[in-house]
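J.: Next comes protein39.cif, mmCIF, C-alpha atoms:
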```cif
data_coords
#
loop_
_atom_site.label_atom_id
_atom_site.label_comp_id
_atom_site.auth_asym_id
_atom_site.auth_seq_id
_atom_site.Cartn_x
_atom_site.Cartn_y
_atom_site.Cartn_z
CA MET O 14 2.75 4.53 -23.36
CA SER O 15 1.53 0.94 -23.19
CA ARG O 16 0.16 -0.91 -26.17
CA THR O 17 -2.25 -3.83 -26.33
CA LEU O 18 -1.03 -7.08 -27.89
CA THR O 19 -3.50 -8.15 -30.58
CA ARG O 20 -4.13 -11.35 -32.53
CA ALA O 21 -2.43 -9.72 -35.52
CA ASP O 22 0.66 -9.01 -33.39
CA ILE O 23 0.83 -12.65 -32.31
CA VAL O 24 0.43 -13.85 -35.90
CA ASP O 25 3.18 -11.45 -37.01
CA SER O 26 5.42 -12.79 -34.24
CA LEU O 27 4.81 -16.39 -35.35
CA ILE O 28 5.67 -15.42 -38.92
CA LYS O 29 8.87 -13.65 -37.85
CA GLU O 30 10.10 -15.99 -35.10
CA ILE O 31 9.38 -19.43 -36.59
CA ASN O 32 9.03 -18.51 -40.23
CA LEU O 33 5.44 -19.71 -40.68
CA PRO O 34 3.32 -18.63 -43.63
CA ARG O 35 0.64 -16.11 -42.59
CA SER O 36 -2.23 -18.54 -43.25
CA LEU O 37 -0.64 -21.25 -41.08
CA ALA O 38 0.26 -18.81 -38.31
CA THR O 39 -3.34 -17.57 -38.24
CA GLU O 40 -4.63 -21.15 -38.19
CA VAL O 41 -2.31 -22.10 -35.31
CA LEU O 42 -3.43 -19.13 -33.22
CA GLU O 43 -7.13 -19.76 -33.94
CA GLU O 44 -6.78 -23.45 -33.01
CA LEU O 45 -5.01 -22.58 -29.76
CA LEU O 46 -7.71 -20.09 -28.79
CA THR O 47 -10.45 -22.59 -29.73
CA GLU O 48 -8.90 -25.22 -27.44
CA LEU O 49 -8.71 -22.73 -24.56
CA ILE O 50 -12.33 -21.64 -25.06
CA ASP O 51 -13.61 -25.22 -25.39
CA ALA O 52 -11.90 -26.22 -22.14
CA ALA O 53 -13.42 -23.24 -20.32
CA VAL O 54 -16.91 -23.90 -21.72
CA GLN O 55 -16.68 -27.50 -20.47
CA GLY O 56 -15.80 -26.18 -17.02
CA ASN O 57 -12.17 -27.27 -17.14
CA GLY O 58 -9.30 -25.09 -16.06
CA VAL O 59 -6.42 -24.33 -18.38
CA LYS O 60 -2.85 -24.22 -17.06
CA VAL O 61 -0.08 -22.74 -19.20
CA SER O 62 3.28 -23.45 -17.61
CA SER O 63 5.30 -20.32 -16.74
CA PHE O 64 2.31 -18.13 -17.64
CA GLY O 65 -0.68 -18.91 -15.42
CA SER O 66 -3.99 -20.69 -15.01
CA PHE O 67 -7.48 -19.91 -16.21
CA ILE O 68 -9.96 -21.28 -13.68
CA VAL O 69 -13.72 -21.68 -14.12
CA ARG O 70 -15.68 -21.03 -10.92
CA GLU O 71 -19.33 -21.48 -10.06
CA LYS O 72 -20.83 -18.47 -8.30
CA SER O 73 -24.03 -19.01 -6.38
CA GLN O 74 -27.04 -16.71 -6.30
CA ARG O 75 -26.59 -13.67 -4.09
CA ILE O 76 -28.01 -10.29 -3.28
CA GLY O 77 -26.21 -7.35 -4.86
CA ARG O 78 -26.75 -3.64 -4.82
CA ASN O 79 -26.99 -1.16 -7.67
CA PRO O 80 -24.19 1.29 -6.79
CA LYS O 81 -26.00 4.17 -8.46
CA THR O 82 -29.42 3.78 -6.79
CA GLY O 83 -28.59 1.62 -3.78
CA GLU O 84 -31.44 -0.70 -4.78
CA GLU O 85 -30.96 -4.37 -3.92
CA ALA O 86 -31.19 -6.95 -6.69
CA VAL O 87 -30.79 -10.72 -7.00
CA ILE O 88 -27.69 -11.75 -8.93
CA SER O 89 -28.35 -15.11 -10.56
CA PRO O 90 -25.94 -18.05 -10.27
CA ARG O 91 -23.34 -18.16 -13.01
CA ARG O 92 -19.96 -19.44 -14.08
CA VAL O 93 -17.05 -17.05 -14.29
CA ILE O 94 -13.49 -17.43 -15.48
CA THR O 95 -10.56 -16.05 -13.52
CA PHE O 96 -6.86 -15.85 -14.27
CA ARG O 97 -4.11 -16.61 -11.78
CA PRO O 98 -0.65 -15.62 -13.02
CA SER O 99 2.24 -17.99 -12.40
CA GLN O 100 5.09 -16.98 -10.12
CA CYS O 101 7.33 -16.63 -13.21
CA LEU O 102 4.91 -14.13 -14.77
CA LYS O 103 4.56 -12.20 -11.51
CA GLU O 104 8.33 -11.94 -11.17
CA ALA O 105 8.79 -10.90 -14.80
CA VAL O 106 6.19 -8.12 -14.47
CA HIS O 107 7.64 -6.97 -11.15
CA PHE O 108 11.19 -6.98 -12.53
CA SER O 109 10.21 -5.08 -15.68
CA ARG O 110 8.52 -2.43 -13.53
CA LYS O 111 11.69 -1.93 -11.48
CA LYS O 112 13.75 -1.77 -14.67
CA ALA O 113 11.49 0.88 -16.25
CA ALA O 114 11.60 3.12 -13.17
#
```
Translate the structure of the given file into structure tokens.
T.:
Amino acid sequence: MSRTLTRADIVDSLIKEINLPRSLATEVLEELLTELIDAAVQGNGVKVSSFGSFIVREKSQRIGRNPKTGEEAVISPRRVITFRPSQCLKEAVHFSRKKAA
């Protein structure tokens, strides 16, 4: 059964692994997430070595289709964020899958 990693889990890990007080660990995590969000909002990508890259892309206007009704609709232009995992992350996930099987 898989489990989702939460902010609280990350804070607990910071407390345990580098012996930070809870308030400082929470502040560090919040500051990191704020920096990532600010970069994305400004349209900048974020690259985390050995983890992956968050890339902001501009999508132009296009015609889409409602899958339920089949009715066509205009999808307005927008910015989206995508994640591209690093080769290290891909290999780690692939290896862990083989190990679990």
J.: Using the chain letters and numbers from the file, which residues does the PyMOL selection byres ((chain O and resi 61) around 12) grab, as a ChimeraX atom specification?
T.: /O:45,49,58-60,62-68,96-102
J.: So how many Å separate atom CA of O:Thr47 and atom CA of O:Ile94, to one decimal?
T.: 15.5 Å
J.: Let me make sure I understand: among O:Asp22, O:Glu104, O:Glu85, O:Glu71, which one has the smallest atom-to-atom distance to O:Leu42 if we use all atoms listed in the file?
T.: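 Closest residue, counting all atoms listed in the file: O:Asp22.
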J.: Between atom CA of O:Lys72 and atom CA of O:Arg91, what is the spacing in Å?
T.: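 It comes out at 5.3 Å.
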J.: For O:Arg35, work out the shell of residues within 8 Å, counting all atoms listed in the file and skipping chain neighbours fewer than 5 positions away, then give it as an NGL selection string.
T.: :O and (24-25 or 28)
J.: Considering all atoms listed in the file, can you say which of O:Lys29, O:Arg75, O:Arg20, O:Arg70 comes closest to O:Arg92?
T.: O:Arg70
J.: Record the distance separating atom CA of O:Val93 and atom CA of O:Val69, expressed in Å with one decimal.
T.: 5.7 Å
J.: Residues picked by the PyMOL selection byres ((chain O and resi 74) around 6) here, as a list in words?
T.: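 Applied to this file, the PyMOL selection byres ((chain O and resi 74) around 6) selects Ser73, Arg75, Ile88, Ser89 and Pro90 of chain O.
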J.: Between O:Thr82, O:Ala21, O:Leu27, O:Gly56, which one has atoms that come closest to O:Thr95, using all atoms listed in the file?
T.: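 Among the listed residues, the smallest separation from O:Thr95 belongs to O:Gly56.
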